[in-house]
Structure formats: structure tokens, C-alpha cells
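Participant: This is coords-v5.pdb, which holds PDB, C-alpha atoms and all ligand atoms:
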ATOM      1  CA  MET A 875       0.000   0.000   0.000  1.00  0.00           C
ATOM      2  CA  SER A 876       1.540   3.300  -1.055  1.00  0.00           C
ATOM      3  CA  GLU A 877       1.557   6.479   0.975  1.00  0.00           C
ATOM      4  CA  HIS A 878      -0.781   7.991  -1.613  1.00  0.00           C
ATOM      5  CA  ASP A 879      -3.500   5.316  -1.388  1.00  0.00           C
ATOM      6  CA  ALA A 880      -5.859   7.376   0.772  1.00  0.00           C
ATOM      7  CA  LEU A 881      -5.500  10.356  -1.521  1.00  0.00           C
ATOM      8  CA  ILE A 882      -6.115   8.246  -4.617  1.00  0.00           C
ATOM      9  CA  ALA A 883      -9.121   6.639  -2.939  1.00  0.00           C
ATOM     10  CA  ALA A 884     -10.630  10.050  -2.173  1.00  0.00           C
ATOM     11  CA  ALA A 885     -10.102  11.176  -5.765  1.00  0.00           C
ATOM     12  CA  THR A 886     -11.422   7.911  -7.153  1.00  0.00           C
ATOM     13  CA  LYS A 887     -14.625   8.256  -5.153  1.00  0.00           C
ATOM     14  CA  VAL A 888     -15.243  11.586  -6.874  1.00  0.00           C
ATOM     15  CA  ALA A 889     -13.970  10.281 -10.222  1.00  0.00           C
ATOM     16  CA  LYS A 890     -16.578   7.547 -10.283  1.00  0.00           C
ATOM     17  CA  THR A 891     -19.400  10.062 -10.057  1.00  0.00           C
ATOM     18  CA  LEU A 892     -18.094  13.018 -12.072  1.00  0.00           C
ATOM     19  CA  THR A 893     -16.210  13.698 -15.282  1.00  0.00           C
ATOM     20  CA  GLN A 894     -12.863  14.685 -13.801  1.00  0.00           C
ATOM     21  CA  LYS A 895     -11.904  15.036 -10.215  1.00  0.00           C
ATOM     22  CA  PHE A 896      -9.053  16.151  -8.037  1.00  0.00           C
ATOM     23  CA  PRO A 897      -8.703  16.113  -4.276  1.00  0.00           C
ATOM     24  CA  ILE A 898      -5.959  17.808  -2.381  1.00  0.00           C
ATOM     25  CA  SER A 899      -4.922  16.715   1.034  1.00  0.00           C
ATOM     26  CA  LYS A 900      -3.879  18.841   3.929  1.00  0.00           C
ATOM     27  CA  SER A 901      -1.881  17.645   6.859  1.00  0.00           C
ATOM     28  CA  GLY A 902       0.003  19.634   9.424  1.00  0.00           C
ATOM     29  CA  ARG A 903       2.870  17.181   9.534  1.00  0.00           C
ATOM     30  CA  ARG A 904       2.763  14.473   7.006  1.00  0.00           C
ATOM     31  CA  LEU A 905       0.782  13.233   4.090  1.00  0.00           C
ATOM     32  CA  HIS A 906      -2.294  11.231   4.961  1.00  0.00           C
ATOM     33  CA  SER A 907      -2.041  11.637   8.694  1.00  0.00           C
ATOM     34  CA  PRO A 908      -5.194  10.562  10.528  1.00  0.00           C
ATOM     35  CA  SER A 909      -5.968  14.210  11.277  1.00  0.00           C
ATOM     36  CA  GLY A 910      -5.426  15.313   7.663  1.00  0.00           C
ATOM     37  CA  LYS A 911      -8.293  16.787   5.679  1.00  0.00           C
ATOM     38  CA  PHE A 912      -9.136  16.019   2.077  1.00  0.00           C
ATOM     39  CA  PHE A 913     -10.621  18.564  -0.261  1.00  0.00           C
ATOM     40  CA  THR A 914     -12.173  17.410  -3.506  1.00  0.00           C
ATOM     41  CA  GLY A 915     -13.141  19.243  -6.635  1.00  0.00           C
ATOM     42  CA  CYS A 916     -14.674  18.596 -10.010  1.00  0.00           C
ATOM     43  CA  ASN A 917     -14.605  20.539 -13.246  1.00  0.00           C
ATOM     44  CA  VAL A 918     -17.181  23.316 -13.131  1.00  0.00           C
ATOM     45  CA  GLU A 919     -18.260  23.907 -16.702  1.00  0.00           C
ATOM     46  CA  ASN A 920     -20.613  26.527 -18.076  1.00  0.00           C
ATOM     47  CA  ALA A 921     -22.077  27.728 -21.363  1.00  0.00           C
ATOM     48  CA  THR A 922     -19.159  30.046 -22.164  1.00  0.00           C
ATOM     49  CA  TYR A 923     -16.573  27.222 -21.953  1.00  0.00           C
ATOM     50  CA  GLY A 924     -13.771  29.759 -21.410  1.00  0.00           C
ATOM     51  CA  LEU A 925     -14.889  30.372 -17.847  1.00  0.00           C
ATOM     52  CA  THR A 926     -14.773  26.697 -16.950  1.00  0.00           C
ATOM     53  CA  LEU A 927     -12.811  26.029 -13.784  1.00  0.00           C
ATOM     54  CA  CYS A 928     -10.764  22.852 -13.553  1.00  0.00           C
ATOM     55  CA  ALA A 929     -11.201  20.490 -10.655  1.00  0.00           C
ATOM     56  CA  GLU A 930      -7.724  21.181  -9.261  1.00  0.00           C
ATOM     57  CA  ARG A 931      -8.466  24.885  -8.876  1.00  0.00           C
ATOM     58  CA  VAL A 932     -11.926  24.171  -7.461  1.00  0.00           C
ATOM     59  CA  ALA A 933     -10.380  21.956  -4.777  1.00  0.00           C
ATOM     60  CA  ILE A 934      -7.636  24.468  -3.950  1.00  0.00           C
ATOM     61  CA  PHE A 935      -9.965  27.477  -3.838  1.00  0.00           C
ATOM     62  CA  LYS A 936     -12.433  25.521  -1.730  1.00  0.00           C
ATOM     63  CA  ALA A 937      -9.688  24.670   0.748  1.00  0.00           C
ATOM     64  CA  ILE A 938      -8.382  28.244   0.805  1.00  0.00           C
ATOM     65  CA  SER A 939     -11.898  29.585   1.400  1.00  0.00           C
ATOM     66  CA  GLU A 940     -12.205  27.214   4.357  1.00  0.00           C
ATOM     67  CA  GLY A 941      -8.996  28.538   5.905  1.00  0.00           C
ATOM     68  CA  GLU A 942      -6.444  25.924   4.824  1.00  0.00           C
ATOM     69  CA  ARG A 943      -3.059  27.267   3.816  1.00  0.00           C
ATOM     70  CA  ARG A 944      -0.700  24.277   3.658  1.00  0.00           C
ATOM     71  CA  PHE A 945      -1.032  21.225   1.447  1.00  0.00           C
ATOM     72  CA  ASP A 946       0.959  18.022   1.197  1.00  0.00           C
ATOM     73  CA  SER A 947      -0.102  16.546  -2.129  1.00  0.00           C
ATOM     74  CA  ILE A 948      -2.686  16.566  -4.862  1.00  0.00           C
ATOM     75  CA  ALA A 949      -4.166  13.637  -6.751  1.00  0.00           C
ATOM     76  CA  VAL A 950      -5.639  13.772 -10.223  1.00  0.00           C
ATOM     77  CA  VAL A 951      -7.812  10.742 -10.957  1.00  0.00           C
ATOM     78  CA  THR A 952      -9.533  10.379 -14.315  1.00  0.00           C
ATOM     79  CA  ASP A 953     -11.446   7.696 -16.120  1.00  0.00           C
ATOM     80  CA  THR A 954      -9.095   7.853 -19.113  1.00  0.00           C
ATOM     81  CA  ASP A 955      -6.506   5.335 -20.282  1.00  0.00           C
ATOM     82  CA  ALA A 956      -3.730   7.927 -20.258  1.00  0.00           C
ATOM     83  CA  LEU A 957      -2.949   9.685 -17.001  1.00  0.00           C
ATOM     84  CA  THR A 958      -4.011  13.341 -17.064  1.00  0.00           C
ATOM     85  CA  PRO A 959      -1.650  15.976 -15.668  1.00  0.00           C
ATOM     86  CA  PRO A 960      -2.921  19.403 -14.531  1.00  0.00           C
ATOM     87  CA  CYS A 961      -3.314  22.055 -17.257  1.00  0.00           C
ATOM     88  CA  GLY A 962      -1.057  25.109 -17.337  1.00  0.00           C
ATOM     89  CA  ALA A 963      -3.434  27.335 -15.382  1.00  0.00           C
ATOM     90  CA  CYS A 964      -3.777  24.729 -12.661  1.00  0.00           C
ATOM     91  CA  ARG A 965      -0.007  24.207 -12.525  1.00  0.00           C
ATOM     92  CA  GLN A 966       0.375  27.931 -11.797  1.00  0.00           C
ATOM     93  CA  ILE A 967      -2.214  27.825  -8.996  1.00  0.00           C
ATOM     94  CA  ILE A 968      -0.887  24.569  -7.528  1.00  0.00           C
ATOM     95  CA  TRP A 969       2.619  26.047  -7.471  1.00  0.00           C
ATOM     96  CA  GLU A 970       1.543  29.304  -5.853  1.00  0.00           C
ATOM     97  CA  PHE A 971      -0.650  27.758  -3.169  1.00  0.00           C
ATOM     98  CA  CYS A 972       1.017  24.381  -2.638  1.00  0.00           C
ATOM     99  CA  GLY A 973       4.652  24.692  -3.777  1.00  0.00           C
ATOM    100  CA  ASP A 974       6.722  21.703  -4.778  1.00  0.00           C
ATOM    101  CA  ILE A 975       4.276  18.998  -3.648  1.00  0.00           C
ATOM    102  CA  PRO A 976       3.849  15.502  -5.089  1.00  0.00           C
ATOM    103  CA  VAL A 977       1.228  15.293  -7.833  1.00  0.00           C
ATOM    104  CA  VAL A 978      -0.343  11.837  -7.905  1.00  0.00           C
ATOM    105  CA  LEU A 979      -1.733  10.988 -11.331  1.00  0.00           C
ATOM    106  CA  ALA A 980      -4.038   7.965 -11.415  1.00  0.00           C
ATOM    107  CA  ASN A 981      -6.835   6.443 -13.435  1.00  0.00           C
ATOM    108  CA  LEU A 982      -9.717   4.168 -12.541  1.00  0.00           C
ATOM    109  CA  LYS A 983      -7.831   1.179 -13.943  1.00  0.00           C
ATOM    110  CA  GLY A 984      -5.213   1.450 -11.231  1.00  0.00           C
ATOM    111  CA  LYS A 985      -2.397   3.105 -13.146  1.00  0.00           C
ATOM    112  CA  VAL A 986      -0.477   5.534 -10.904  1.00  0.00           C
ATOM    113  CA  GLU A 987       2.436   7.903 -11.430  1.00  0.00           C
ATOM    114  CA  VAL A 988       3.786  10.393  -8.906  1.00  0.00           C
ATOM    115  CA  LEU A 989       5.597  13.529 -10.064  1.00  0.00           C
ATOM    116  CA  GLN A 990       6.820  16.561  -8.148  1.00  0.00           C
ATOM    117  CA  MET A 991       5.383  19.940  -9.118  1.00  0.00           C
ATOM    118  CA  SER A 992       8.933  21.067  -9.928  1.00  0.00           C
ATOM    119  CA  GLN A 993       9.008  18.370 -12.632  1.00  0.00           C
ATOM    120  CA  LEU A 994       5.678  19.472 -14.100  1.00  0.00           C
ATOM    121  CA  PHE A 995       6.371  23.196 -13.742  1.00  0.00           C
ATOM    122  CA  PRO A 996      10.174  23.672 -13.817  1.00  0.00           C
ATOM    123  CA  LYS A 997      10.360  27.454 -14.358  1.00  0.00           C
ATOM    124  CA  PRO A 998       7.418  28.869 -12.385  1.00  0.00           C
ATOM    125  CA  PHE A 999       6.390  32.490 -12.164  1.00  0.00           C
ATOM    126  CA  ASP A1000       5.640  33.346  -8.554  1.00  0.00           C
ATOM    127  CA  SER A1001       5.905  36.122  -5.984  1.00  0.00           C
ATOM    128  CA  SER A1002       9.708  36.002  -6.225  1.00  0.00           C
ATOM    129  CA  ASN A1003       9.345  37.443  -9.733  1.00  0.00           C
ATOM    130  CA  LEU A1004       7.383  40.506  -8.583  1.00  0.00           C
TER     131      LEU A1004
HETATM  132 ZN    ZN B   1      -6.678  22.949 -15.118  1.00  0.00          ZN
END
Using C-alpha cells, write down the structure from this file.
Ligand code: ZN
Facilitator:
Amino acid sequence: MSEHDALIAAATKVAKTLTQKFPISKSGRRLHSPSGKFFTGCNVENATYGLTLCAERVAIFKAISEGERRFDSIAVVTDTDALTPPCGACRQIIWEFCGDIPVVLANLKGKVEVLQMSQLFPKPFDSSNL
């Protein structure tokens, strides 16, 4: 059992009921501690398409609005054959609010890959550039 199993399970639960889903976990000390919280999100689409908000950003903004400020990891679980990494906009938000956390990519068939944000987003723009 990997250290990311609980996170993947939380994302999978959402993935089985929605199109695309992403939970983020929060723990004061370590990933998946018994006291850690999970925040889930789904894509929020609308008629304009361009204003659609991806599940990763929904989960992060939901957590931020509930007072969370530190995150240990994020899981992206989809019902696709290929694993789906976060889009560019989500990479920016994940980096700014979560830093160099593990990004767990998984699908409903059990395929899993874990990458660090610094691998997915090697030259980020952040507050150090202001
Ligand atoms: Zn996105």
C-alpha cells in the first residue's frame, strides 16, 4: 500500500461520479495523517466554456476559502486510459498555493504515477518574480 493510497481513494470516489476530479490533502505534519483533511473538486463547466474552472483549482480554492493554507499533495484521478496531468493554469495555482508537492496521477484502472510539481512546472512564475 503506497503512501498515496488514501488520496487516490478520495479522488477515485469523486472520479466515479463526475467527469474529472481532483482532491488535495492537507496535513500539518505528514501526508495522509489521521488528522489530515481532504478537499475534492470537479470541473465546473458553463455555457461560455472559457470560464470553466478545472477540478484542481476548485479543490484548492475551496480549501483556501475554508482557511487551509498548507497542502501536502494533490491527486488527479480520471477515467481515461492515459494519465491526465494538470493544465497550465492549474499548474500555476498549484505552485503558488502548494509549492513543490507531489502530484499523484491515477486512473480508474489502477495506473499511478507520482511527479513533483517542480518536474511538471520547472520554471514557475511566482511572488519572487514581482
Ligand atoms: Zn486545469
Participant: Please write out the residues within 12 Å of ligand ZN 1 (chain B) as a ChimeraX atom specification, counting only C-alpha atoms and all ligand atoms.
Facilitator: /A:894-896,915-919,924-934,950,958-968
Participant: Compare A:Val986, A:Ile948, A:Leu1004, A:Thr954 by their minimum atom-to-atom distance to Asp974 (chain A), counting all atoms listed in the file, and give me the closest one.
Facilitator: A:Ile948
Participant: Measuring atom to atom with all atoms listed in the file, identify which of A:Gln993, A:Thr952, A:Asn1003, A:Thr922 is nearest to Thr886 (chain A).
Facilitator: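 Looking only at the distances to Thr886 (chain A), the closest residue turns out to be A:Thr952.
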Participant: Given the choices A:Ala937, A:Leu979, A:Cys972, A:Leu957, which gets closest to Leu881 (chain A) if the distance is worked out from only C-alpha atoms?
Facilitator: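 The answer is A:Leu979, which sits nearest to Leu881 (chain A).
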Participant: Pick from A:Lys887, A:Ile975, A:Phe913, A:Asp1000: nearest to Phe935 (chain A), with only C-alpha atoms counted?
Facilitator: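 Of A:Lys887, A:Ile975, A:Phe913, A:Asp1000, the one nearest Phe935 (chain A) is A:Phe913, counting only C-alpha atoms.
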Participant: Restricting the calculation to all atoms listed in the file, which member of A:Gly973, A:Arg944, A:Leu982, A:Ala956 is positioned closest to Ala885 (chain A)?
Facilitator: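 Residue with the minimum atom-to-atom distance to Ala885 (chain A): A:Leu982.
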Participant: So, with only C-alpha atoms as the atoms that count, which of A:Tyr923, A:Phe999, A:Val988, A:Glu970 lies closest to Ser876 (chain A)?
Facilitator: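 Among the listed residues, A:Val988 lies closest to Ser876 (chain A).
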Participant: Just how far from CA of Phe995 (chain A) is CA of Ala884 (chain A), in Å to one decimal?
Facilitator: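 Answer for the CA of Ala884 (chain A) to CA of Phe995 (chain A) separation: 24.4 Å.
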Participant: Report the distance between CA of Gln990 (chain A) and CA of Val977 (chain A) in Å, rounded to one decimal place.
Facilitator: 5.7 Å
Participant: Work out how far CA of Lys911 (chain A) is from CA of His878 (chain A), in Å to one decimal.
Facilitator: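 One can read the CA of His878 (chain A) to CA of Lys911 (chain A) distance as 13.7 Å.
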